[in-house]
$ cat my_file-v3.tsv   # TSV, C-alpha atoms
chain	number	residue	atom	x	y	z
A	1	PRO	CA	-10.46	-1.72	7.95
A	2	PHE	CA	-11.14	-4.66	5.63
A	3	VAL	CA	-13.71	-6.77	7.49
A	4	GLY	CA	-14.27	-9.65	5.09
A	5	ASN	CA	-17.42	-10.92	3.44
A	6	PRO	CA	-20.81	-9.28	4.16
A	7	ARG	CA	-22.64	-10.84	7.10
A	8	GLN	CA	-25.05	-10.01	9.90
A	9	PRO	CA	-24.24	-8.26	12.11
A	10	MET	CA	-21.81	-6.51	9.77
A	11	PRO	CA	-18.76	-4.92	11.45
A	12	GLU	CA	-17.87	-1.39	10.41
A	13	GLY	CA	-15.41	-1.38	7.51
A	14	LEU	CA	-14.96	-2.42	3.90
A	15	PRO	CA	-16.93	-5.58	3.13
A	16	PHE	CA	-14.11	-7.61	1.58
A	17	LYS	CA	-10.63	-8.88	2.37
A	18	LEU	CA	-7.49	-6.84	1.63
A	19	GLU	CA	-6.23	-9.57	-0.71
A	20	ASP	CA	-9.48	-9.32	-2.72
A	21	TYR	CA	-9.09	-5.54	-2.88
A	22	LEU	CA	-5.54	-5.84	-4.21
A	23	GLN	CA	-6.75	-8.27	-6.88
A	24	LEU	CA	-9.50	-5.80	-7.83
A	25	LEU	CA	-6.92	-3.01	-8.18
A	26	ASP	CA	-4.72	-5.24	-10.32
A	27	TRP	CA	-7.66	-6.24	-12.53
A	28	THR	CA	-8.76	-2.60	-12.91
A	29	GLY	CA	-5.26	-1.50	-13.88
A	30	ARG	CA	-5.17	-4.17	-16.56
A	31	CYS	CA	-8.49	-2.96	-18.00
A	32	LEU	CA	-7.33	0.63	-18.41
A	33	ARG	CA	-6.09	1.73	-21.81
A	34	GLU	CA	-2.38	1.16	-22.34
A	35	ASP	CA	-1.83	4.80	-23.31
A	36	LYS	CA	-3.25	6.02	-19.99
A	37	ARG	CA	-1.55	6.49	-16.65
A	38	GLY	CA	-2.17	3.57	-14.29
A	39	ALA	CA	-2.49	0.94	-16.98
A	40	ILE	CA	-0.90	-2.43	-16.15
A	41	PRO	CA	0.30	-4.43	-19.17
A	42	ALA	CA	-1.54	-7.75	-19.54
A	43	ASN	CA	1.74	-9.69	-19.69
A	44	LEU	CA	2.90	-8.38	-16.31
A	45	PRO	CA	2.42	-10.80	-13.37
A	46	PRO	CA	0.43	-9.61	-10.33
A	47	ILE	CA	2.31	-7.15	-8.12
A	48	LEU	CA	3.01	-9.49	-5.22
A	49	LYS	CA	4.43	-12.14	-7.57
A	50	ARG	CA	6.65	-9.53	-9.24
A	51	LEU	CA	7.97	-8.47	-5.83
A	52	HIS	CA	8.32	-12.09	-4.61
A	53	ILE	CA	6.09	-11.38	-1.60
A	54	GLU	CA	3.81	-14.01	-0.13
A	55	PRO	CA	0.26	-12.62	0.22
A	56	LYS	CA	0.07	-13.69	3.88
A	57	ASN	CA	3.34	-11.84	4.62
A	58	TRP	CA	2.07	-8.70	2.85
A	59	LEU	CA	-1.18	-8.79	4.83
A	60	TYR	CA	0.70	-9.25	8.10
A	61	SER	CA	2.97	-6.27	7.36
A	62	ALA	CA	0.12	-4.05	6.13
A	63	GLN	CA	-2.02	-4.73	9.18
A	64	ARG	CA	0.86	-4.05	11.59
A	65	PHE	CA	2.70	-1.34	9.64
A	66	GLU	CA	2.73	1.29	12.38
A	67	LYS	CA	3.79	-1.24	15.02
A	68	SER	CA	6.53	-2.72	12.82
A	69	PHE	CA	8.12	0.49	11.57
A	70	ASN	CA	9.14	3.61	13.47
A	71	GLY	CA	9.02	6.85	11.54
A	72	PHE	CA	7.89	7.62	8.02
A	73	ALA	CA	7.70	5.58	4.83
A	74	GLY	CA	8.39	6.95	1.37
A	75	LYS	CA	11.05	8.34	-0.95
A	76	LEU	CA	13.66	10.41	0.83
A	77	ASP	CA	13.08	13.45	-1.42
A	78	SER	CA	9.32	13.30	-0.88
A	79	LEU	CA	9.76	13.01	2.87
A	80	LYS	CA	12.11	16.00	2.93
A	81	GLN	CA	9.52	18.12	1.12
A	82	LYS	CA	6.82	17.25	3.68
A	83	LEU	CA	8.88	17.91	6.82
A	84	PRO	CA	7.92	21.59	7.18
A	85	ASP	CA	4.21	20.73	6.81
A	86	LEU	CA	4.57	18.18	9.60
A	87	GLY	CA	6.61	20.47	11.86
A	88	TYR	CA	9.84	18.48	11.58
A	89	GLN	CA	13.36	19.62	10.71
A	90	ARG	CA	14.71	16.14	10.10
A	91	ILE	CA	13.29	12.73	9.24
A	92	PRO	CA	12.79	10.68	12.42
A	93	ASN	CA	14.99	7.58	12.68
A	94	VAL	CA	17.03	8.54	9.60
A	95	GLY	CA	19.23	11.37	10.86
A	96	VAL	CA	19.09	13.30	7.58
A	97	LEU	CA	18.92	17.08	8.04
A	98	LEU	CA	16.58	19.17	5.92
A	99	THR	CA	18.67	21.62	3.93
$ encode --input "my_file-v3.tsv" --output "structure tokens"
Amino acid sequence: PFVGNPRQPMPEGLPFKLEDYLQLLDWTGRCLREDKRGAIPANLPPILKRLHIEPKNWLYSAQRFEKSFNGFAGKLDSLKQKLPDLGYQRIPNVGVLLT
């Protein structure tokens, strides 16, 4: 878990806030070369602004993801490919059969 700024006694987890981590990822992606995978163009706004998501809402959802959503998250095709590995024949809460 993200446990915030370093302090004593320090709880077990990553010593920064999730919002700071997302900013670090954004900054890193903007520093990568444009011809490389993962590069974020300098003129592109931060991800949460592009998606019109308030940071506090994102943090709330991320921290409570498993309680808020039943089943799996991801692209339907990707989920279908993983079903046999997970011992499922269909995607829970979707009703789509694996063919």
$ atom_distance --input "my_file-v3.tsv" --atom1 "atom CA of A:Lys56" --atom2 "atom CA of A:Gly38"
25.2 Å
$ atom_distance --input "my_file-v3.tsv" --atom1 "atom CA of A:Leu79" --atom2 "atom CA of A:Leu24"
29.0 Å
$ residues_around --input "my_file-v3.tsv" --residues "stretch 41-50 of chain A" --least-positions-apart "5" --cutoff "9 Å" --atoms "all atoms listed in the file" --output "list in words"
Leu22, Gln23, Asp26, Gly29, Arg30, Cys31, Glu34, Pro55 and Trp58 of chain A
$ atom_distance --input "my_file-v3.tsv" --atom1 "atom CA of A:Phe72" --atom2 "atom CA of A:Asp85"
13.7 Å
$ closest_residue --input "my_file-v3.tsv" --among "A:Ala73, A:Arg64, A:Gln81, A:Leu25" --to "A:Asn93" --atoms "all atoms listed in the file"
A:Ala73
$ residues_around --input "my_file-v3.tsv" --residues "A:Gly71" --least-positions-apart "5" --cutoff "10 Å" --atoms "all atoms listed in the file" --output "number ranges by chain"
A: 66, 91-94
$ closest_residue --input "my_file-v3.tsv" --among "A:Asp35, A:Leu18, A:Ser78, A:Val3" --to "A:Tyr60" --atoms "only C-alpha atoms"
A:Leu18
$ closest_residue --input "my_file-v3.tsv" --among "A:Pro1, A:Ala39, A:Leu51, A:Trp27" --to "A:Pro15" --atoms "all atoms listed in the file"
A:Pro1
$ build_atoms --input "my_file-v3.tsv" --residues "stretch 69-89 of chain A" --atoms "N, CA, C and O atoms" --output "JSON list (two decimals), keeping the file's coordinate frame"
[["chain", "number", "residue", "atom", "x", "y", "z"],
["A", 69, "PHE", "N", 7.17, -0.50, 12.07],
["A", 69, "PHE", "CA", 8.12, 0.49, 11.57],
["A", 69, "PHE", "C", 7.99, 1.77, 12.38],
["A", 69, "PHE", "O", 6.90, 2.25, 12.64],
["A", 70, "ASN", "N", 9.11, 2.33, 12.77],
["A", 70, "ASN", "CA", 9.14, 3.61, 13.47],
["A", 70, "ASN", "C", 9.48, 4.70, 12.47],
["A", 70, "ASN", "O", 10.45, 4.59, 11.75],
["A", 71, "GLY", "N", 8.71, 5.75, 12.43],
["A", 71, "GLY", "CA", 9.02, 6.85, 11.54],
["A", 71, "GLY", "C", 8.12, 6.88, 10.32],
["A", 71, "GLY", "O", 6.98, 6.44, 10.36],
["A", 72, "PHE", "N", 8.65, 7.42, 9.24],
["A", 72, "PHE", "CA", 7.89, 7.62, 8.02],
["A", 72, "PHE", "C", 8.29, 6.61, 6.96],
["A", 72, "PHE", "O", 9.38, 6.04, 7.01],
["A", 73, "ALA", "N", 7.41, 6.44, 5.97],
["A", 73, "ALA", "CA", 7.70, 5.58, 4.83],
["A", 73, "ALA", "C", 7.54, 6.40, 3.56],
["A", 73, "ALA", "O", 6.61, 7.18, 3.43],
["A", 74, "GLY", "N", 8.47, 6.24, 2.64],
["A", 74, "GLY", "CA", 8.39, 6.95, 1.37],
["A", 74, "GLY", "C", 9.76, 7.28, 0.83],
["A", 74, "GLY", "O", 10.79, 6.97, 1.44],
["A", 75, "LYS", "N", 9.79, 7.92, -0.34],
["A", 75, "LYS", "CA", 11.05, 8.34, -0.95],
["A", 75, "LYS", "C", 11.65, 9.46, -0.12],
["A", 75, "LYS", "O", 10.94, 10.34, 0.38],
["A", 76, "LEU", "N", 12.96, 9.44, 0.01],
["A", 76, "LEU", "CA", 13.66, 10.41, 0.83],
["A", 76, "LEU", "C", 13.34, 11.84, 0.38],
["A", 76, "LEU", "O", 13.05, 12.71, 1.21],
["A", 77, "ASP", "N", 13.37, 12.10, -0.92],
["A", 77, "ASP", "CA", 13.08, 13.45, -1.42],
["A", 77, "ASP", "C", 11.66, 13.89, -1.08],
["A", 77, "ASP", "O", 11.43, 15.04, -0.69],
["A", 78, "SER", "N", 10.70, 12.98, -1.20],
["A", 78, "SER", "CA", 9.32, 13.30, -0.88],
["A", 78, "SER", "C", 9.16, 13.59, 0.60],
["A", 78, "SER", "O", 8.43, 14.51, 1.00],
["A", 79, "LEU", "N", 9.83, 12.80, 1.43],
["A", 79, "LEU", "CA", 9.76, 13.01, 2.87],
["A", 79, "LEU", "C", 10.35, 14.37, 3.25],
["A", 79, "LEU", "O", 9.79, 15.09, 4.08],
["A", 80, "LYS", "N", 11.48, 14.72, 2.64],
["A", 80, "LYS", "CA", 12.11, 16.00, 2.93],
["A", 80, "LYS", "C", 11.17, 17.17, 2.61],
["A", 80, "LYS", "O", 11.11, 18.14, 3.34],
["A", 81, "GLN", "N", 10.43, 17.05, 1.52],
["A", 81, "GLN", "CA", 9.52, 18.12, 1.12],
["A", 81, "GLN", "C", 8.37, 18.29, 2.11],
["A", 81, "GLN", "O", 7.86, 19.38, 2.30],
["A", 82, "LYS", "N", 7.96, 17.22, 2.76],
["A", 82, "LYS", "CA", 6.82, 17.25, 3.68],
["A", 82, "LYS", "C", 7.19, 17.66, 5.10],
["A", 82, "LYS", "O", 6.32, 17.98, 5.90],
["A", 83, "LEU", "N", 8.46, 17.63, 5.45],
["A", 83, "LEU", "CA", 8.88, 17.91, 6.82],
["A", 83, "LEU", "C", 8.34, 19.22, 7.37],
["A", 83, "LEU", "O", 7.81, 19.24, 8.48],
["A", 84, "PRO", "N", 8.45, 20.34, 6.63],
["A", 84, "PRO", "CA", 7.92, 21.59, 7.18],
["A", 84, "PRO", "C", 6.42, 21.53, 7.47],
["A", 84, "PRO", "O", 5.95, 22.05, 8.48],
["A", 85, "ASP", "N", 5.66, 20.87, 6.60],
["A", 85, "ASP", "CA", 4.21, 20.73, 6.81],
["A", 85, "ASP", "C", 3.90, 19.96, 8.08],
["A", 85, "ASP", "O", 2.87, 20.18, 8.72],
["A", 86, "LEU", "N", 4.78, 19.03, 8.44],
["A", 86, "LEU", "CA", 4.57, 18.18, 9.60],
["A", 86, "LEU", "C", 5.23, 18.74, 10.86],
["A", 86, "LEU", "O", 5.10, 18.15, 11.94],
["A", 87, "GLY", "N", 5.95, 19.86, 10.71],
["A", 87, "GLY", "CA", 6.61, 20.47, 11.86],
["A", 87, "GLY", "C", 7.92, 19.82, 12.25],
["A", 87, "GLY", "O", 8.35, 19.94, 13.39],
["A", 88, "TYR", "N", 8.57, 19.14, 11.31],
["A", 88, "TYR", "CA", 9.84, 18.48, 11.58],
["A", 88, "TYR", "C", 10.97, 19.21, 10.84],
["A", 88, "TYR", "O", 10.76, 19.80, 9.79],
["A", 89, "GLN", "N", 12.18, 19.11, 11.39],
["A", 89, "GLN", "CA", 13.36, 19.62, 10.71],
["A", 89, "GLN", "C", 14.19, 18.50, 10.11],
["A", 89, "GLN", "O", 14.99, 18.72, 9.23]]
